[in-house]
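Here is the file work-v5.csv (CSV, N, CA and C atoms).
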```csv
chain,number,residue,atom,x,y,z
N,1,MET,N,-46.3,47.2,28.7
N,1,MET,CA,-44.9,47.3,28.2
N,1,MET,C,-44.1,48.1,29.2
N,2,ALA,N,-44.7,48.7,30.2
N,2,ALA,CA,-44.0,49.4,31.2
N,2,ALA,C,-43.0,48.5,31.9
N,3,LYS,N,-43.4,47.2,32.1
N,3,LYS,CA,-42.5,46.2,32.7
N,3,LYS,C,-41.2,46.1,31.9
N,4,LEU,N,-41.2,46.4,30.6
N,4,LEU,CA,-40.0,46.2,29.8
N,4,LEU,C,-39.3,47.6,29.7
N,5,GLY,N,-39.8,48.6,30.4
N,5,GLY,CA,-39.1,49.9,30.3
N,5,GLY,C,-39.5,50.7,29.1
N,6,ILE,N,-40.5,50.3,28.4
N,6,ILE,CA,-40.9,51.0,27.2
N,6,ILE,C,-42.2,51.8,27.5
N,7,ASP,N,-42.2,53.1,27.1
N,7,ASP,CA,-43.4,53.9,27.4
N,7,ASP,C,-44.1,54.1,26.1
N,8,ILE,N,-45.4,54.4,26.2
N,8,ILE,CA,-46.2,54.8,25.0
N,8,ILE,C,-45.6,55.9,24.3
N,9,GLY,N,-45.4,55.8,23.0
N,9,GLY,CA,-44.8,56.8,22.1
N,9,GLY,C,-43.3,56.5,21.8
N,10,ASP,N,-42.7,55.7,22.6
N,10,ASP,CA,-41.3,55.3,22.3
N,10,ASP,C,-41.1,54.6,21.0
N,11,LYS,N,-40.0,54.9,20.3
N,11,LYS,CA,-39.8,54.3,19.0
N,11,LYS,C,-38.4,53.6,19.0
N,12,HIS,N,-38.3,52.6,18.1
N,12,HIS,CA,-37.0,51.9,18.0
N,12,HIS,C,-36.9,51.3,16.6
N,13,GLU,N,-35.7,51.1,16.1
N,13,GLU,CA,-35.4,50.5,14.8
N,13,GLU,C,-35.7,49.0,14.8
N,14,ALA,N,-36.2,48.5,13.7
N,14,ALA,CA,-36.4,47.1,13.5
N,14,ALA,C,-36.2,46.8,12.0
N,15,VAL,N,-36.1,45.5,11.7
N,15,VAL,CA,-35.8,45.1,10.3
N,15,VAL,C,-36.6,43.9,9.9
N,16,PHE,N,-37.1,43.8,8.7
N,16,PHE,CA,-37.8,42.6,8.2
N,16,PHE,C,-36.8,41.5,7.9
N,17,THR,N,-35.6,41.8,7.6
N,17,THR,CA,-34.6,40.8,7.2
N,17,THR,C,-33.2,41.3,7.8
N,18,ARG,N,-32.4,40.4,8.2
N,18,ARG,CA,-31.1,40.8,8.7
N,18,ARG,C,-30.1,40.9,7.6
N,19,ASP,N,-30.4,40.7,6.4
N,19,ASP,CA,-29.5,40.9,5.2
N,19,ASP,C,-29.4,42.4,5.1
N,20,ARG,N,-28.6,42.8,4.1
N,20,ARG,CA,-28.4,44.2,3.8
N,20,ARG,C,-29.7,44.9,3.5
N,21,PRO,N,-29.9,46.2,3.9
N,21,PRO,CA,-31.1,46.8,3.5
N,21,PRO,C,-31.5,46.8,2.1
N,22,GLN,N,-32.7,46.5,1.8
N,22,GLN,CA,-33.1,46.3,0.4
N,22,GLN,C,-34.7,46.4,0.3
N,23,PHE,N,-35.2,46.4,-0.9
N,23,PHE,CA,-36.6,46.3,-1.1
N,23,PHE,C,-37.0,44.8,-1.1
N,24,ILE,N,-38.2,44.5,-0.4
N,24,ILE,CA,-38.7,43.1,-0.4
N,24,ILE,C,-40.2,43.2,-0.7
N,25,SER,N,-40.7,42.0,-1.0
N,25,SER,CA,-42.1,41.8,-1.2
N,25,SER,C,-42.7,41.3,0.1
N,26,VAL,N,-43.8,41.8,0.5
N,26,VAL,CA,-44.6,41.3,1.7
N,26,VAL,C,-46.0,41.1,1.3
N,27,ARG,N,-46.7,40.3,2.0
N,27,ARG,CA,-48.1,40.1,1.8
N,27,ARG,C,-48.9,40.3,3.1
N,28,GLU,N,-50.2,40.6,2.9
N,28,GLU,CA,-51.0,40.8,4.1
N,28,GLU,C,-51.1,39.5,4.9
N,29,GLY,N,-51.1,39.7,6.2
N,29,GLY,CA,-51.1,38.5,7.1
N,29,GLY,C,-50.1,38.5,8.1
N,30,PRO,N,-49.8,37.3,8.7
N,30,PRO,CA,-48.8,37.2,9.8
N,30,PRO,C,-47.4,37.7,9.3
N,31,ALA,N,-46.7,38.3,10.2
N,31,ALA,CA,-45.4,38.9,9.9
N,31,ALA,C,-44.5,38.9,11.1
N,32,GLN,N,-43.2,38.9,10.9
N,32,GLN,CA,-42.2,39.1,12.0
N,32,GLN,C,-41.2,40.1,11.6
N,33,VAL,N,-40.7,40.9,12.5
N,33,VAL,CA,-39.6,41.8,12.3
N,33,VAL,C,-38.7,41.6,13.5
N,34,SER,N,-37.4,42.0,13.4
N,34,SER,CA,-36.5,41.9,14.5
N,34,SER,C,-36.0,43.2,14.9
N,35,LEU,N,-35.8,43.4,16.2
N,35,LEU,CA,-35.2,44.6,16.8
N,35,LEU,C,-33.8,44.8,16.3
N,36,TYR,N,-33.4,46.0,16.0
N,36,TYR,CA,-32.1,46.3,15.6
N,36,TYR,C,-31.5,47.1,16.8
N,37,GLY,N,-30.7,46.4,17.6
N,37,GLY,CA,-30.1,47.0,18.8
N,37,GLY,C,-31.0,46.7,20.0
N,38,ASP,N,-30.4,46.9,21.2
N,38,ASP,CA,-31.2,46.8,22.4
N,38,ASP,C,-32.2,47.9,22.6
N,39,TRP,N,-33.4,47.6,23.1
N,39,TRP,CA,-34.4,48.6,23.4
N,39,TRP,C,-34.9,48.3,24.8
N,40,GLU,N,-34.4,49.1,25.7
N,40,GLU,CA,-34.7,48.9,27.1
N,40,GLU,C,-34.4,47.5,27.5
N,41,GLU,N,-35.4,46.7,28.0
N,41,GLU,CA,-35.3,45.3,28.4
N,41,GLU,C,-35.3,44.3,27.3
N,42,LEU,N,-35.6,44.8,26.1
N,42,LEU,CA,-35.6,43.8,24.9
N,42,LEU,C,-34.3,43.9,24.2
N,43,PRO,N,-33.6,42.8,24.1
N,43,PRO,CA,-32.3,42.7,23.5
N,43,PRO,C,-32.3,42.7,21.9
N,44,HIS,N,-31.2,43.1,21.4
N,44,HIS,CA,-31.0,43.1,19.9
N,44,HIS,C,-31.4,41.7,19.4
N,45,GLY,N,-32.2,41.6,18.3
N,45,GLY,CA,-32.6,40.4,17.7
N,45,GLY,C,-33.9,39.8,18.2
N,46,THR,N,-34.5,40.5,19.2
N,46,THR,CA,-35.8,40.1,19.7
N,46,THR,C,-36.8,40.1,18.5
N,47,VAL,N,-37.6,39.1,18.3
N,47,VAL,CA,-38.5,38.9,17.2
N,47,VAL,C,-39.9,39.5,17.7
N,48,LEU,N,-40.4,40.4,16.9
N,48,LEU,CA,-41.7,41.0,17.1
N,48,LEU,C,-42.7,40.4,16.1
N,49,SER,N,-43.7,39.8,16.6
N,49,SER,CA,-44.7,39.2,15.7
N,49,SER,C,-46.0,39.9,15.7
N,50,GLY,N,-46.7,39.8,14.6
N,50,GLY,CA,-48.0,40.4,14.5
N,50,GLY,C,-48.6,40.2,13.1
N,51,ARG,N,-49.2,41.3,12.6
N,51,ARG,CA,-49.9,41.2,11.3
N,51,ARG,C,-49.7,42.4,10.5
N,52,LEU,N,-49.5,42.2,9.2
N,52,LEU,CA,-49.4,43.3,8.2
N,52,LEU,C,-50.7,43.5,7.5
N,53,ILE,N,-51.1,44.7,7.3
N,53,ILE,CA,-52.3,45.1,6.6
N,53,ILE,C,-51.9,45.9,5.4
N,54,VAL,N,-52.2,45.5,4.2
N,54,VAL,CA,-51.8,46.1,3.0
N,54,VAL,C,-52.9,47.0,2.5
N,55,ARG,N,-52.7,48.3,2.4
N,55,ARG,CA,-53.6,49.3,1.9
N,55,ARG,C,-52.9,50.3,1.0
N,56,ASP,N,-53.1,51.6,1.2
N,56,ASP,CA,-52.3,52.6,0.5
N,56,ASP,C,-50.9,52.6,1.0
N,57,ARG,N,-50.7,52.1,2.2
N,57,ARG,CA,-49.4,51.9,2.8
N,57,ARG,C,-49.4,50.5,3.4
N,58,VAL,N,-48.3,50.0,3.9
N,58,VAL,CA,-48.3,48.7,4.6
N,58,VAL,C,-48.2,49.0,6.1
N,59,TYR,N,-49.3,48.6,6.8
N,59,TYR,CA,-49.4,48.9,8.2
N,59,TYR,C,-49.1,47.6,9.0
N,60,GLY,N,-48.4,47.8,10.1
N,60,GLY,CA,-48.0,46.6,10.9
N,60,GLY,C,-48.5,46.8,12.3
N,61,ARG,N,-49.1,45.7,12.8
N,61,ARG,CA,-49.6,45.7,14.2
N,61,ARG,C,-48.9,44.5,14.9
N,62,LEU,N,-48.0,44.8,15.8
N,62,LEU,CA,-47.2,43.8,16.4
N,62,LEU,C,-47.6,43.6,17.9
N,63,THR,N,-47.9,42.3,18.2
N,63,THR,CA,-48.5,42.0,19.5
N,63,THR,C,-47.7,41.1,20.4
N,64,SER,N,-46.6,40.6,19.9
N,64,SER,CA,-45.8,39.6,20.7
N,64,SER,C,-44.3,39.9,20.5
N,65,ALA,N,-43.5,39.8,21.5
N,65,ALA,CA,-42.0,39.9,21.5
N,65,ALA,C,-41.4,38.6,22.0
N,66,THR,N,-40.5,38.0,21.3
N,66,THR,CA,-39.8,36.8,21.8
N,66,THR,C,-38.3,37.1,21.7
N,67,THR,N,-37.6,37.1,22.9
N,67,THR,CA,-36.2,37.4,22.9
N,67,THR,C,-35.4,36.2,22.4
N,68,PRO,N,-34.1,36.5,22.1
N,68,PRO,CA,-33.2,35.4,21.6
N,68,PRO,C,-33.1,34.2,22.6
N,69,LYS,N,-33.4,34.5,23.9
N,69,LYS,CA,-33.3,33.4,24.9
N,69,LYS,C,-34.7,32.6,25.0
N,70,GLY,N,-35.7,33.1,24.2
N,70,GLY,CA,-37.0,32.4,24.2
N,70,GLY,C,-38.0,33.0,25.1
N,71,ASP,N,-37.7,34.1,25.9
N,71,ASP,CA,-38.7,34.7,26.7
N,71,ASP,C,-39.7,35.5,25.9
N,72,SER,N,-41.0,35.3,26.1
N,72,SER,CA,-42.0,36.0,25.4
N,72,SER,C,-42.8,37.0,26.2
N,73,PHE,N,-43.2,38.1,25.6
N,73,PHE,CA,-43.9,39.2,26.2
N,73,PHE,C,-45.0,39.8,25.3
N,74,PRO,N,-46.2,40.1,25.8
N,74,PRO,CA,-47.1,40.8,25.0
N,74,PRO,C,-46.7,42.3,24.7
N,75,VAL,N,-46.9,42.8,23.6
N,75,VAL,CA,-46.5,44.2,23.2
N,75,VAL,C,-47.7,44.8,22.4
N,76,CYS,N,-47.7,46.0,22.2
N,76,CYS,CA,-48.6,46.8,21.4
N,76,CYS,C,-47.8,47.8,20.6
N,77,LEU,N,-47.3,47.4,19.4
N,77,LEU,CA,-46.5,48.2,18.6
N,77,LEU,C,-47.0,48.4,17.2
N,78,GLU,N,-46.8,49.6,16.6
N,78,GLU,CA,-47.2,49.8,15.2
N,78,GLU,C,-45.9,50.1,14.4
N,79,VAL,N,-45.9,49.8,13.2
N,79,VAL,CA,-44.8,50.0,12.3
N,79,VAL,C,-44.8,51.4,11.7
N,80,TYR,N,-43.7,52.1,11.7
N,80,TYR,CA,-43.6,53.4,11.1
N,80,TYR,C,-42.5,53.4,10.1
N,81,ASP,N,-42.6,54.2,9.0
N,81,ASP,CA,-41.6,54.4,8.0
N,81,ASP,C,-40.4,55.2,8.4
N,82,VAL,N,-39.2,54.6,8.2
N,82,VAL,CA,-38.0,55.3,8.6
N,82,VAL,C,-37.8,56.6,7.8
N,83,GLN,N,-38.2,56.6,6.5
N,83,GLN,CA,-38.0,57.7,5.6
N,83,GLN,C,-38.9,58.9,5.9
N,84,ASP,N,-40.2,58.7,6.0
N,84,ASP,CA,-41.1,59.8,6.1
N,84,ASP,C,-41.7,60.0,7.5
N,85,GLY,N,-41.4,59.0,8.4
N,85,GLY,CA,-41.9,59.1,9.8
N,85,GLY,C,-43.4,58.8,10.0
N,86,GLU,N,-44.0,58.5,8.9
N,86,GLU,CA,-45.5,58.3,9.0
N,86,GLU,C,-45.8,56.8,9.4
N,87,ARG,N,-47.0,56.7,10.0
N,87,ARG,CA,-47.5,55.3,10.4
N,87,ARG,C,-47.6,54.5,9.1
N,88,GLY,N,-47.2,53.3,9.2
N,88,GLY,CA,-47.2,52.4,8.0
N,88,GLY,C,-46.0,52.6,7.1
N,89,MET,N,-45.7,51.6,6.3
N,89,MET,CA,-44.5,51.7,5.4
N,89,MET,C,-45.0,52.2,4.0
N,90,ALA,N,-44.2,53.0,3.4
N,90,ALA,CA,-44.6,53.5,2.0
N,90,ALA,C,-44.5,52.3,1.1
N,91,ARG,N,-45.4,52.2,0.2
N,91,ARG,CA,-45.3,51.1,-0.9
N,91,ARG,C,-44.4,51.6,-2.0
N,92,GLU,N,-43.5,50.7,-2.4
N,92,GLU,CA,-42.6,51.1,-3.5
N,92,GLU,C,-43.2,50.6,-4.8
N,93,SER,N,-42.8,51.2,-5.9
N,93,SER,CA,-43.4,50.8,-7.2
N,93,SER,C,-43.0,49.4,-7.5
N,94,GLY,N,-43.8,48.7,-8.4
N,94,GLY,CA,-43.4,47.4,-8.8
N,94,GLY,C,-44.4,46.3,-8.3
N,95,ASN,N,-45.4,46.7,-7.5
N,95,ASN,CA,-46.4,45.7,-7.1
N,95,ASN,C,-47.7,46.5,-6.7
N,96,ASP,N,-48.7,46.5,-7.5
N,96,ASP,CA,-49.9,47.2,-7.2
N,96,ASP,C,-51.0,46.3,-6.7
N,97,SER,N,-50.7,45.1,-6.3
N,97,SER,CA,-51.6,44.1,-5.8
N,97,SER,C,-52.3,44.6,-4.6
N,98,PRO,N,-53.6,44.3,-4.4
N,98,PRO,CA,-54.3,44.7,-3.2
N,98,PRO,C,-53.8,44.0,-1.9
N,99,SER,N,-53.2,42.9,-2.0
N,99,SER,CA,-52.8,42.1,-0.8
N,99,SER,C,-51.3,41.9,-0.7
N,100,ASN,N,-50.5,42.4,-1.7
N,100,ASN,CA,-49.0,42.3,-1.7
N,100,ASN,C,-48.4,43.7,-1.9
N,101,ALA,N,-47.2,43.9,-1.4
N,101,ALA,CA,-46.5,45.2,-1.7
N,101,ALA,C,-45.0,45.1,-1.6
N,102,ARG,N,-44.3,46.0,-2.2
N,102,ARG,CA,-42.9,46.1,-2.1
N,102,ARG,C,-42.6,47.2,-1.1
N,103,ILE,N,-41.7,46.9,-0.1
N,103,ILE,CA,-41.3,47.9,0.9
N,103,ILE,C,-39.9,47.8,1.2
N,104,PHE,N,-39.3,48.8,1.9
N,104,PHE,CA,-37.9,48.7,2.3
N,104,PHE,C,-37.8,47.9,3.6
N,105,THR,N,-36.7,47.2,3.8
N,105,THR,CA,-36.6,46.3,4.9
N,105,THR,C,-36.5,46.9,6.3
N,106,SER,N,-36.1,48.2,6.3
N,106,SER,CA,-35.9,48.9,7.6
N,106,SER,C,-37.1,49.7,8.0
N,107,GLU,N,-37.4,49.7,9.3
N,107,GLU,CA,-38.6,50.5,9.8
N,107,GLU,C,-38.3,50.8,11.2
N,108,ARG,N,-39.3,51.6,11.8
N,108,ARG,CA,-39.3,51.9,13.2
N,108,ARG,C,-40.6,51.3,13.7
N,109,VAL,N,-40.5,50.9,15.0
N,109,VAL,CA,-41.7,50.4,15.7
N,109,VAL,C,-42.0,51.4,16.8
N,110,ARG,N,-43.3,51.7,17.0
N,110,ARG,CA,-43.7,52.6,18.0
N,110,ARG,C,-44.6,52.0,19.0
N,111,ALA,N,-44.4,52.2,20.3
N,111,ALA,CA,-45.3,51.7,21.3
N,111,ALA,C,-46.6,52.5,21.4
N,112,VAL,N,-47.7,51.8,21.3
N,112,VAL,CA,-49.0,52.5,21.4
N,112,VAL,C,-49.9,51.8,22.4
N,113,SER,N,-50.9,52.6,22.9
N,113,SER,CA,-51.8,52.0,23.9
N,113,SER,C,-52.9,51.1,23.2
N,114,GLU,N,-53.2,51.5,21.9
N,114,GLU,CA,-54.1,50.7,21.1
N,114,GLU,C,-53.9,51.0,19.7
N,115,PHE,N,-54.3,50.1,18.8
N,115,PHE,CA,-54.1,50.2,17.4
N,115,PHE,C,-55.1,51.2,16.8
N,116,GLU,N,-54.7,52.0,15.8
N,116,GLU,CA,-55.6,52.9,15.0
N,116,GLU,C,-56.4,52.1,14.0
```

Same coordinates, now as structure tokens:
Amino acid sequence: MAKLGIDIGDKHEAVFTRDRPQFISVREGPAQVSLYGDWEELPHGTVLSGRLIVRDRVYGRLTSATTPKGDSFPVCLEVYDVQDGERGMARESGNDSPSNARIFTSERVRAVSEFE
């Protein structure tokens, strides 16, 4: 990710949906989020793809970035909660399923060297 100007530990805002911020339902498995604003060499709207893992929190491991122009890059990013700053997104009440959860649409992504 150094080629993109992003260092390990750097964080940036991202969203699950471009609609107004809200609570949404997500399920374990493939997922995409979009960068909110430019992040070094990655422009606003870059789609970050990877996988969500639903546990006590909703963890995200993002491994690919595709810019609005279609350029793709490998990345190693984890999802962090905007509210509490912890790794993974806090589960909101309303869905206690082991494979689905309600979360807020805004989060931060953090560059990591490997996934925890």

### Task
Go through N:Ser93, N:Ser113, N:Ser49, N:Thr105 and flag the residue nearest Phe23 of chain N, using all atoms listed in the file for the distances.
N:Thr105

### Query
Which residues come within 6 Å of segment 27-37 of chain N, counting all atoms listed in the file, excluding same-chain residues fewer than 4 positions away, as a list of chain:residue names?
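Surrounding residues, per the criterion: N:Glu13, N:Ala14, N:Val15, N:Phe16, N:Pro43, N:His44, N:Gly45, N:Thr46, N:Val47, N:Leu48, N:Ser49, N:Gly50, N:Arg51, N:Leu52, N:Ile53, N:Val54, N:Ser99, N:Asn100, N:Ala101.
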
### Query
At most 12 Å from (-43.9, 46.5, 28.5), file frame, only C-alpha atoms: which residues, as number ranges by chain?
N: 1-8, 10, 39-42, 63-65, 72-77, 111-113

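Of the residues listed (N:Arg108, N:His12, N:Arg61, N:Arg20), N:Arg108 shows the shortest atom-to-atom separation from Tyr80 of chain N; distances use only C-alpha atoms.
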
### Shortest interatomic distance to Met89 of chain N - which of N:Glu116, N:Asp56, N:Asp19, N:Asp38, counting only C-alpha atoms
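Distance minimum relative to Met89 of chain N lands on N:Asp56.
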
Would you fill the gaps in segment 88-105 of chain N so it has N, CA, C and O atoms, then print it as a PDB file, keeping the file's coordinate frame?
```
ATOM      1  N   GLY N  88     -47.200  53.300   9.200  1.00  0.00           N
ATOM      2  CA  GLY N  88     -47.200  52.400   8.000  1.00  0.00           C
ATOM      3  C   GLY N  88     -46.000  52.600   7.100  1.00  0.00           C
ATOM      4  O   GLY N  88     -45.355  53.687   7.184  1.00  0.00           O
ATOM      5  N   MET N  89     -45.700  51.600   6.300  1.00  0.00           N
ATOM      6  CA  MET N  89     -44.500  51.700   5.400  1.00  0.00           C
ATOM      7  C   MET N  89     -45.000  52.200   4.000  1.00  0.00           C
ATOM      8  O   MET N  89     -46.022  51.655   3.552  1.00  0.00           O
ATOM      9  N   ALA N  90     -44.200  53.000   3.400  1.00  0.00           N
ATOM     10  CA  ALA N  90     -44.600  53.500   2.000  1.00  0.00           C
ATOM     11  C   ALA N  90     -44.500  52.300   1.100  1.00  0.00           C
ATOM     12  O   ALA N  90     -43.510  51.508   1.179  1.00  0.00           O
ATOM     13  N   ARG N  91     -45.400  52.200   0.200  1.00  0.00           N
ATOM     14  CA  ARG N  91     -45.300  51.100  -0.900  1.00  0.00           C
ATOM     15  C   ARG N  91     -44.400  51.600  -2.000  1.00  0.00           C
ATOM     16  O   ARG N  91     -44.503  52.758  -2.405  1.00  0.00           O
ATOM     17  N   GLU N  92     -43.500  50.700  -2.400  1.00  0.00           N
ATOM     18  CA  GLU N  92     -42.600  51.100  -3.500  1.00  0.00           C
ATOM     19  C   GLU N  92     -43.200  50.600  -4.800  1.00  0.00           C
ATOM     20  O   GLU N  92     -44.064  49.656  -4.813  1.00  0.00           O
ATOM     21  N   SER N  93     -42.800  51.200  -5.900  1.00  0.00           N
ATOM     22  CA  SER N  93     -43.400  50.800  -7.200  1.00  0.00           C
ATOM     23  C   SER N  93     -43.000  49.400  -7.500  1.00  0.00           C
ATOM     24  O   SER N  93     -41.947  48.862  -7.031  1.00  0.00           O
ATOM     25  N   GLY N  94     -43.800  48.700  -8.400  1.00  0.00           N
ATOM     26  CA  GLY N  94     -43.400  47.400  -8.800  1.00  0.00           C
ATOM     27  C   GLY N  94     -44.400  46.300  -8.300  1.00  0.00           C
ATOM     28  O   GLY N  94     -44.308  45.155  -8.746  1.00  0.00           O
ATOM     29  N   ASN N  95     -45.400  46.700  -7.500  1.00  0.00           N
ATOM     30  CA  ASN N  95     -46.400  45.700  -7.100  1.00  0.00           C
ATOM     31  C   ASN N  95     -47.700  46.500  -6.700  1.00  0.00           C
ATOM     32  O   ASN N  95     -47.702  47.093  -5.618  1.00  0.00           O
ATOM     33  N   ASP N  96     -48.700  46.500  -7.500  1.00  0.00           N
ATOM     34  CA  ASP N  96     -49.900  47.200  -7.200  1.00  0.00           C
ATOM     35  C   ASP N  96     -51.000  46.300  -6.700  1.00  0.00           C
ATOM     36  O   ASP N  96     -52.189  46.624  -6.690  1.00  0.00           O
ATOM     37  N   SER N  97     -50.700  45.100  -6.300  1.00  0.00           N
ATOM     38  CA  SER N  97     -51.600  44.100  -5.800  1.00  0.00           C
ATOM     39  C   SER N  97     -52.300  44.600  -4.600  1.00  0.00           C
ATOM     40  O   SER N  97     -51.699  45.300  -3.741  1.00  0.00           O
ATOM     41  N   PRO N  98     -53.600  44.300  -4.400  1.00  0.00           N
ATOM     42  CA  PRO N  98     -54.300  44.700  -3.200  1.00  0.00           C
ATOM     43  C   PRO N  98     -53.800  44.000  -1.900  1.00  0.00           C
ATOM     44  O   PRO N  98     -54.109  44.474  -0.794  1.00  0.00           O
ATOM     45  N   SER N  99     -53.200  42.900  -2.000  1.00  0.00           N
ATOM     46  CA  SER N  99     -52.800  42.100  -0.800  1.00  0.00           C
ATOM     47  C   SER N  99     -51.300  41.900  -0.700  1.00  0.00           C
ATOM     48  O   SER N  99     -50.780  41.338   0.254  1.00  0.00           O
ATOM     49  N   ASN N 100     -50.500  42.400  -1.700  1.00  0.00           N
ATOM     50  CA  ASN N 100     -49.000  42.300  -1.700  1.00  0.00           C
ATOM     51  C   ASN N 100     -48.400  43.700  -1.900  1.00  0.00           C
ATOM     52  O   ASN N 100     -49.077  44.554  -2.516  1.00  0.00           O
ATOM     53  N   ALA N 101     -47.200  43.900  -1.400  1.00  0.00           N
ATOM     54  CA  ALA N 101     -46.500  45.200  -1.700  1.00  0.00           C
ATOM     55  C   ALA N 101     -45.000  45.100  -1.600  1.00  0.00           C
ATOM     56  O   ALA N 101     -44.532  44.118  -0.954  1.00  0.00           O
ATOM     57  N   ARG N 102     -44.300  46.000  -2.200  1.00  0.00           N
ATOM     58  CA  ARG N 102     -42.900  46.100  -2.100  1.00  0.00           C
ATOM     59  C   ARG N 102     -42.600  47.200  -1.100  1.00  0.00           C
ATOM     60  O   ARG N 102     -43.147  48.317  -1.175  1.00  0.00           O
ATOM     61  N   ILE N 103     -41.700  46.900  -0.100  1.00  0.00           N
ATOM     62  CA  ILE N 103     -41.300  47.900   0.900  1.00  0.00           C
ATOM     63  C   ILE N 103     -39.900  47.800   1.200  1.00  0.00           C
ATOM     64  O   ILE N 103     -39.212  46.831   0.795  1.00  0.00           O
ATOM     65  N   PHE N 104     -39.300  48.800   1.900  1.00  0.00           N
ATOM     66  CA  PHE N 104     -37.900  48.700   2.300  1.00  0.00           C
ATOM     67  C   PHE N 104     -37.800  47.900   3.600  1.00  0.00           C
ATOM     68  O   PHE N 104     -38.757  47.912   4.390  1.00  0.00           O
ATOM     69  N   THR N 105     -36.700  47.200   3.800  1.00  0.00           N
ATOM     70  CA  THR N 105     -36.600  46.300   4.900  1.00  0.00           C
ATOM     71  C   THR N 105     -36.500  46.900   6.300  1.00  0.00           C
ATOM     72  O   THR N 105     -36.716  46.292   7.292  1.00  0.00           O
TER      73      THR N 105
END
```
